[in-house]
>>> print(open('coords38.txt').read())   # compact mmCIF, C-alpha atoms
# COMPACT_ATOMS: atom_id res chain seq x y z
CA MET A 51 65.30 45.47 -13.34
CA PRO A 52 64.26 49.12 -12.80
CA ASN A 53 60.90 50.04 -11.35
CA LEU A 54 59.45 53.41 -10.35
CA LEU A 55 58.57 51.83 -7.02
CA ASP A 56 62.30 51.50 -6.27
CA HIS A 57 62.39 55.28 -5.82
CA LEU A 58 59.55 55.05 -3.30
CA VAL A 59 61.37 52.29 -1.42
CA PHE A 60 64.47 54.53 -1.33
CA ARG A 61 62.52 57.51 -0.01
CA ALA A 62 60.72 55.39 2.59
CA LYS A 63 64.11 54.30 3.92
CA LEU A 64 65.80 57.70 3.68
CA GLU A 65 63.01 59.89 5.09
CA PRO A 66 60.09 57.66 6.14
CA ASN A 67 58.20 60.41 7.97
CA SER A 68 58.42 63.06 5.25
CA VAL A 69 55.15 63.87 3.50
CA ALA A 70 54.68 62.19 0.13
CA LEU A 71 51.02 63.00 -0.53
CA GLN A 72 49.13 65.97 0.88
CA GLY A 73 45.47 66.81 0.48
CA VAL A 74 42.89 68.61 2.58
CA GLY A 75 42.32 66.47 5.66
CA ARG A 76 44.44 63.59 4.36
CA GLN A 77 48.15 62.93 4.25
CA LEU A 78 50.56 60.07 3.63
CA THR A 79 54.26 59.90 4.47
CA PHE A 80 56.65 58.01 2.18
CA ASP A 81 56.60 55.07 4.59
CA GLN A 82 52.79 55.01 4.70
CA LEU A 83 52.55 55.40 0.92
CA LEU A 84 54.87 52.44 0.37
CA ASP A 85 52.92 50.31 2.84
CA ILE A 86 49.51 50.94 1.28
CA ALA A 87 50.84 50.65 -2.30
CA LYS A 88 52.30 47.22 -1.51
CA LYS A 89 49.07 46.08 0.17
CA ILE A 90 46.97 47.22 -2.77
CA GLY A 91 49.45 45.48 -5.06
CA SER A 92 48.92 42.28 -3.06
CA LYS A 93 45.15 42.61 -3.39
CA LEU A 94 45.41 43.24 -7.14
CA ARG A 95 47.63 40.17 -7.50
CA GLN A 96 44.98 38.10 -5.73
CA THR A 97 42.38 39.47 -8.12
CA GLY A 98 44.34 38.21 -11.11
CA ILE A 99 46.44 41.12 -12.33
CA ARG A 100 49.74 39.93 -13.80
CA PRO A 101 53.00 41.60 -14.94
CA GLY A 102 52.90 43.03 -18.43
CA GLN A 103 49.13 43.49 -18.51
CA ILE A 104 47.67 46.86 -19.49
CA VAL A 105 45.63 48.35 -16.66
CA ILE A 106 43.63 51.58 -16.93
CA THR A 107 42.72 53.50 -13.79
CA SER A 108 39.50 55.48 -14.01
CA ILE A 109 39.90 57.44 -10.77
CA PRO A 110 39.67 61.24 -11.10
CA ASP A 111 40.94 61.79 -7.54
CA LYS A 112 44.71 62.18 -8.10
CA PHE A 113 45.50 61.31 -4.46
CA MET A 114 43.98 57.84 -4.91
CA ASP A 115 45.02 57.43 -8.53
CA TRP A 116 48.69 57.92 -7.59
CA ILE A 117 48.47 55.29 -4.83
CA VAL A 118 46.86 52.73 -7.14
CA THR A 119 49.30 53.55 -9.94
CA LEU A 120 52.26 52.89 -7.64
CA ALA A 121 50.62 49.61 -6.63
CA LEU A 122 50.40 48.71 -10.32
CA PHE A 123 54.10 49.49 -10.71
CA HIS A 124 54.66 47.09 -7.79
CA GLU A 125 53.00 44.44 -9.93
CA ALA A 126 55.00 45.44 -13.06
CA THR A 127 51.94 46.24 -15.15
CA ILE A 128 51.65 48.79 -17.95
CA THR A 129 49.73 51.63 -16.32
CA CYS A 130 47.42 54.21 -17.85
CA SER A 131 45.16 56.85 -16.28
CA ASN A 132 41.86 57.51 -18.04
CA HIS A 133 40.47 61.00 -18.56
CA GLY A 134 38.08 60.92 -15.62
CA TYR A 135 35.21 58.48 -16.13
CA ALA A 136 35.28 58.76 -19.91
CA PRO A 137 34.26 55.55 -21.73
CA ILE A 138 37.19 53.39 -22.82
CA ASP A 139 37.73 53.46 -26.57
CA PRO A 140 36.75 49.95 -27.84
CA ALA A 141 39.74 50.07 -30.18
CA PHE A 142 42.11 50.38 -27.22
CA GLU A 143 42.93 46.89 -25.96
CA CYS A 144 43.51 46.70 -22.23
CA ASP A 145 43.29 43.87 -19.72
CA TRP A 146 41.72 45.59 -16.71
CA VAL A 147 39.99 48.78 -15.63
CA ILE A 148 40.23 49.93 -12.01
CA THR A 149 37.65 52.47 -10.90
CA ASN A 150 36.00 53.80 -7.74
CA ARG A 151 32.47 53.68 -9.11
CA GLU A 152 30.31 51.48 -11.29
CA VAL A 153 30.96 51.70 -15.03
CA ASP A 154 28.95 50.22 -17.88
CA HIS A 155 31.46 50.68 -20.70
CA PHE A 156 33.82 47.80 -19.86
CA PRO A 157 33.25 44.08 -19.14
CA ALA A 158 32.38 43.53 -15.46
CA GLU A 159 34.66 40.49 -15.17
CA ARG A 160 37.67 42.70 -16.00
CA THR A 161 36.61 45.69 -13.91
CA ILE A 162 37.94 46.16 -10.38
CA ARG A 163 35.90 48.54 -8.29
CA ILE A 164 37.90 49.97 -5.41
CA ASP A 165 35.33 50.92 -2.80
CA ARG A 166 35.65 51.20 0.97
CA LYS A 167 35.13 47.46 1.53
CA TRP A 168 37.80 46.62 -1.05
CA MET A 169 40.25 49.04 0.57
CA ASP A 170 39.54 47.69 4.06
CA GLU A 171 40.34 44.18 2.81
CA ALA A 172 43.56 45.43 1.21
CA ARG A 173 44.69 47.10 4.45
CA GLU A 174 44.42 43.74 6.23
CA LEU A 175 46.93 42.13 3.87
CA SER A 176 50.67 41.87 4.44
CA SER A 177 52.96 44.40 2.78
CA GLY A 178 55.79 41.86 2.80
CA ILE A 179 55.12 40.44 -0.66
CA ASP A 180 57.91 40.51 -3.24
CA GLN A 181 57.83 43.25 -5.83
CA MET A 182 57.47 42.19 -9.46
CA ASP A 183 59.85 43.69 -12.00
CA TYR A 184 59.80 44.68 -15.65
CA PRO A 185 62.04 42.83 -18.12
CA SER A 186 64.19 45.93 -18.78
CA GLY A 187 64.32 49.69 -18.50
CA GLU A 188 63.01 49.90 -22.07
CA SER A 189 59.89 47.85 -21.30
CA PRO A 190 56.69 49.93 -21.55
CA VAL A 191 55.49 50.99 -18.11
CA ARG A 192 53.16 53.90 -18.84
CA LEU A 193 50.64 54.72 -21.57
CA TYR A 194 49.12 58.13 -22.27
CA LEU A 195 45.82 58.40 -24.12
CA THR A 196 46.05 61.27 -26.57
CA SER A 197 44.54 62.56 -29.78
CA GLY A 198 48.00 63.51 -30.99
CA THR A 199 48.45 66.14 -33.69
CA THR A 200 46.24 64.36 -36.22
CA GLY A 201 43.06 64.20 -34.17
CA GLN A 202 43.18 60.41 -34.22
CA ARG A 203 43.09 58.89 -30.75
CA LYS A 204 46.11 56.80 -29.81
CA ALA A 205 48.13 55.53 -26.86
CA VAL A 206 51.73 56.68 -26.43
CA ALA A 207 54.02 54.31 -24.51
CA PHE A 208 56.91 55.23 -22.24
CA GLY A 209 59.56 52.94 -20.79
CA LEU A 210 60.93 53.68 -17.32
CA ASP A 211 64.34 54.78 -18.60
CA ARG A 212 62.71 57.29 -20.93
CA LEU A 213 60.31 58.50 -18.26
CA VAL A 214 63.04 59.05 -15.66
CA ALA A 215 65.30 60.69 -18.24
CA ARG A 216 62.59 63.24 -19.05
CA VAL A 217 62.18 63.97 -15.35
CA LYS A 218 65.89 64.44 -14.80
CA GLN A 219 66.21 66.67 -17.85
CA GLY A 220 63.54 68.96 -16.47
CA ALA A 221 61.07 68.17 -19.24
CA ALA A 222 58.27 68.12 -16.67
CA LEU A 223 57.14 71.04 -14.57
CA GLY A 224 59.41 70.74 -11.55
CA GLY A 225 58.77 68.85 -8.36
CA LEU A 226 59.28 71.79 -6.04
CA PRO A 227 57.69 71.64 -2.57
CA LYS A 228 55.87 74.95 -3.14
CA ARG A 229 54.03 73.88 -6.31
CA ILE A 230 50.53 72.50 -6.83
CA GLY A 231 49.18 70.96 -10.02
CA LEU A 232 45.48 70.88 -10.92
CA LEU A 233 45.86 68.46 -13.83
CA LYS A 234 45.25 64.73 -13.46
CA LEU A 235 47.63 61.81 -13.95
CA SER A 236 46.13 61.25 -17.40
CA ALA A 237 48.12 64.30 -18.50
CA GLN A 238 51.69 63.38 -19.38
CA VAL A 239 53.06 66.57 -17.83
CA ASP A 240 51.32 65.92 -14.51
CA PHE A 241 52.42 62.30 -14.25
CA ALA A 242 55.98 63.43 -14.93
CA ALA A 243 55.61 66.16 -12.30
CA CYS A 244 54.47 63.57 -9.74
CA ALA A 245 57.41 61.34 -10.66
CA THR A 246 59.68 64.36 -10.20
CA CYS A 247 58.30 64.87 -6.70
CA LEU A 248 58.92 61.21 -5.90
CA LEU A 249 62.50 61.28 -7.16
CA ASN A 250 63.20 64.54 -5.29
CA GLY A 251 61.44 63.55 -2.08
CA ALA A 252 58.94 66.41 -2.39
CA PRO A 253 55.24 66.25 -1.48
CA ILE A 254 52.55 65.99 -4.13
CA TYR A 255 49.65 68.34 -3.34
CA CYS A 256 46.29 66.96 -4.44
CA THR A 257 43.07 68.90 -4.72
CA ARG A 258 39.53 68.02 -5.76
CA THR A 259 37.81 71.42 -5.74
CA SER A 260 38.68 75.11 -6.04
CA LYS A 261 38.04 75.51 -2.32
CA GLU A 262 40.54 72.75 -1.53
CA THR A 263 43.08 74.39 -3.83
CA VAL A 264 42.74 77.68 -1.95
CA ASP A 265 42.97 75.88 1.40
CA LEU A 266 46.19 74.10 0.39
CA ILE A 267 47.76 77.25 -1.02
CA ARG A 268 47.07 79.08 2.22
CA GLN A 269 47.97 76.27 4.62
CA PHE A 270 51.29 75.42 2.97
CA SER A 271 52.20 78.82 1.47
CA LEU A 272 52.34 77.34 -2.02
CA GLU A 273 53.93 79.64 -4.55
CA THR A 274 53.25 78.25 -8.01
CA LEU A 275 50.34 76.46 -9.67
CA HIS A 276 49.77 74.84 -13.02
CA GLY A 277 46.58 73.70 -14.65
CA SER A 278 44.46 74.06 -17.76
CA PRO A 279 43.09 77.51 -18.70
CA ASP A 280 39.61 76.34 -17.65
CA GLN A 281 40.87 75.14 -14.26
CA ILE A 282 42.70 78.38 -13.52
CA ALA A 283 39.72 80.45 -14.71
CA GLY A 284 37.47 78.41 -12.42
CA LEU A 285 39.82 79.01 -9.50
CA ILE A 286 39.85 82.76 -10.11
CA GLU A 287 36.04 82.79 -10.36
CA HIS A 288 35.88 81.00 -7.01
CA LEU A 289 38.26 83.51 -5.42
CA VAL A 290 36.28 86.45 -6.76
CA ALA A 291 32.99 84.96 -5.55
CA GLN A 292 34.46 84.42 -2.09
CA GLY A 293 36.11 87.83 -1.99
CA ALA A 294 39.41 86.07 -1.35
CA MET A 295 41.72 87.58 -3.97
CA SER A 296 44.86 88.06 -1.92
CA ARG A 297 48.25 88.84 -3.52
CA SER A 298 49.71 85.44 -2.58
CA LEU A 299 46.81 83.56 -4.14
CA LEU A 300 46.98 85.69 -7.27
CA ASN A 301 50.70 84.94 -7.57
CA ALA A 302 50.07 81.21 -7.20
CA ALA A 303 47.26 81.25 -9.74
CA GLY A 304 49.35 83.25 -12.19
>>> encode(input="coords38.txt", output="structure tokens")
Amino acid sequence: MPNLLDHLVFRAKLEPNSVALQGVGRQLTFDQLLDIAKKIGSKLRQTGIRPGQIVITSIPDKFMDWIVTLALFHEATITCSNHGYAPIDPAFECDWVITNREVDHFPAERTIRIDRKWMDEARELSSGIDQMDYPSGESPVRLYLTSGTTGQRKAVAFGLDRLVARVKQGAALGGLPKRIGLLKLSAQVDFAACATCLLNGAPIYCTRTSKETVDLIRQFSLETLHGSPDQIAGLIEHLVAQGAMSRSLLNAAG
């Protein structure tokens, strides 16, 4: 049955050395991304994660959140990215929370903290484990936490067929190599943009600070950027403070 990870497997075979994830001082090719996603999937399976379970990632760093999310697709779970470290709504029933720091708003026995020791242990595992699959293309694979139009918090589910169809129809902001997104995977548009990059074999540029955003734009001659009004305003404030308002950076920020 279909799985988003199948597209990563395809890319790792077609162009293993092409860049899949690019940050400042860190980079993964499609082959490396597949390897670490499978190893993390193996570690999560050992921990007790099972297909069909709902797993929330509370990892604001998009570079790491994307890796863990792909590992969760490897295990055929229903994935969901939290809005940063925000407390999980008690009314939202999920099986696990994965985070990179201690949290006190979710039961410890169902919280997986991915720290350096945990990652070192995962890297020692074999990447040869079999991939788990979803029952069908209509099975839910991704949840988005949203307030909707009514102000009432809810979770919106997407199946893989629907998700891929939206990507192919251009519903997401495109996966062009010269684009950088400041939003997180918790935003539906950004997750779809990352999926677009994966399907097109384009790199995902990940940034944690305004300085990193400027560094990536300059280093890779990025041409377009999308983010929230607050994020773009913060970037412009950083550029003004640094006296770094060049035409190319203004074009990207616009």
>>> closest_residue(input="coords38.txt", among="A:Phe60, A:Tyr184, A:Trp168, A:Trp116", to="Arg100 in chain A", atoms="all atoms listed in the file")
A:Tyr184
>>> atom_distance(input="coords38.txt", atom1="CA of Arg166 in chain A", atom2="CA of Cys244 in chain A")
24.9 Å
>>> closest_residue(input="coords38.txt", among="A:Thr196, A:Gln82, A:Gln238, A:Thr149", to="Asp111 in chain A", atoms="all atoms listed in the file")
A:Thr149
>>> residues_near_point(input="coords38.txt", point="(48.8, 51.4, -19.7)", cutoff="12 Å", atoms="all atoms listed in the file", output="PyMOL selection string")
chain A and resi 101-108+119+122-123+126-132+142-148+189-195+204-209+235-236
>>> residues_around(input="coords38.txt", residues="His288 in chain A", least_positions_apart="4", cutoff="10 Å", atoms="all atoms listed in the file", output="ChimeraX atom specification")
/A:259-261,264,282-284,292-295
>>> residues_around(input="coords38.txt", residues="range 62-71 of chain A", least_positions_apart="5", cutoff="6 Å", atoms="all atoms listed in the file", output="list in words")
Gln77, Leu78, Thr79, Phe80, Asp81, Pro253 and Ile254 of chain A
>>> residues_around(input="coords38.txt", residues="Ala245 in chain A", least_positions_apart="6", cutoff="9 Å", atoms="all atoms listed in the file", output="CSV table (one decimal) with C-alpha atoms, in the frame of the given file")
chain,number,residue,atom,x,y,z
A,54,LEU,CA,59.4,53.4,-10.4
A,213,LEU,CA,60.3,58.5,-18.3
A,214,VAL,CA,63.0,59.0,-15.7
A,217,VAL,CA,62.2,64.0,-15.4
A,225,GLY,CA,58.8,68.8,-8.4
>>> atom_distance(input="coords38.txt", atom1="CA of Gln72 in chain A", atom2="CA of Ile179 in chain A")
26.3 Å
>>> atom_distance(input="coords38.txt", atom1="CA of Glu125 in chain A", atom2="CA of Gln219 in chain A")
27.0 Å
>>> closest_residue(input="coords38.txt", among="A:Val59, A:Asp170, A:Gly277, A:His133", to="Asp115 in chain A", atoms="all atoms listed in the file")
A:His133
>>> residues_near_point(input="coords38.txt", point="(35.0, 50.1, -21.4)", cutoff="10 Å", atoms="only C-alpha atoms", output="list of chain:residue names")
A:Ile106, A:Tyr135, A:Ala136, A:Pro137, A:Ile138, A:Asp139, A:Pro140, A:Ala141, A:Phe142, A:Glu143, A:Cys144, A:Trp146, A:Val147, A:Val153, A:Asp154, A:His155, A:Phe156, A:Pro157, A:Ala158, A:Arg160, A:Thr161
>>> closest_residue(input="coords38.txt", among="A:Val74, A:Ala172, A:Ile99, A:Leu248", to="Leu120 in chain A", atoms="all atoms listed in the file")
A:Leu248
>>> closest_residue(input="coords38.txt", among="A:Ala215, A:Leu55, A:Ile86, A:Ile109", to="Arg258 in chain A", atoms="only C-alpha atoms")
A:Ile109
>>> closest_residue(input="coords38.txt", among="A:Ile230, A:Ala243, A:Ile164, A:Met169", to="Leu272 in chain A", atoms="all atoms listed in the file")
A:Ile230
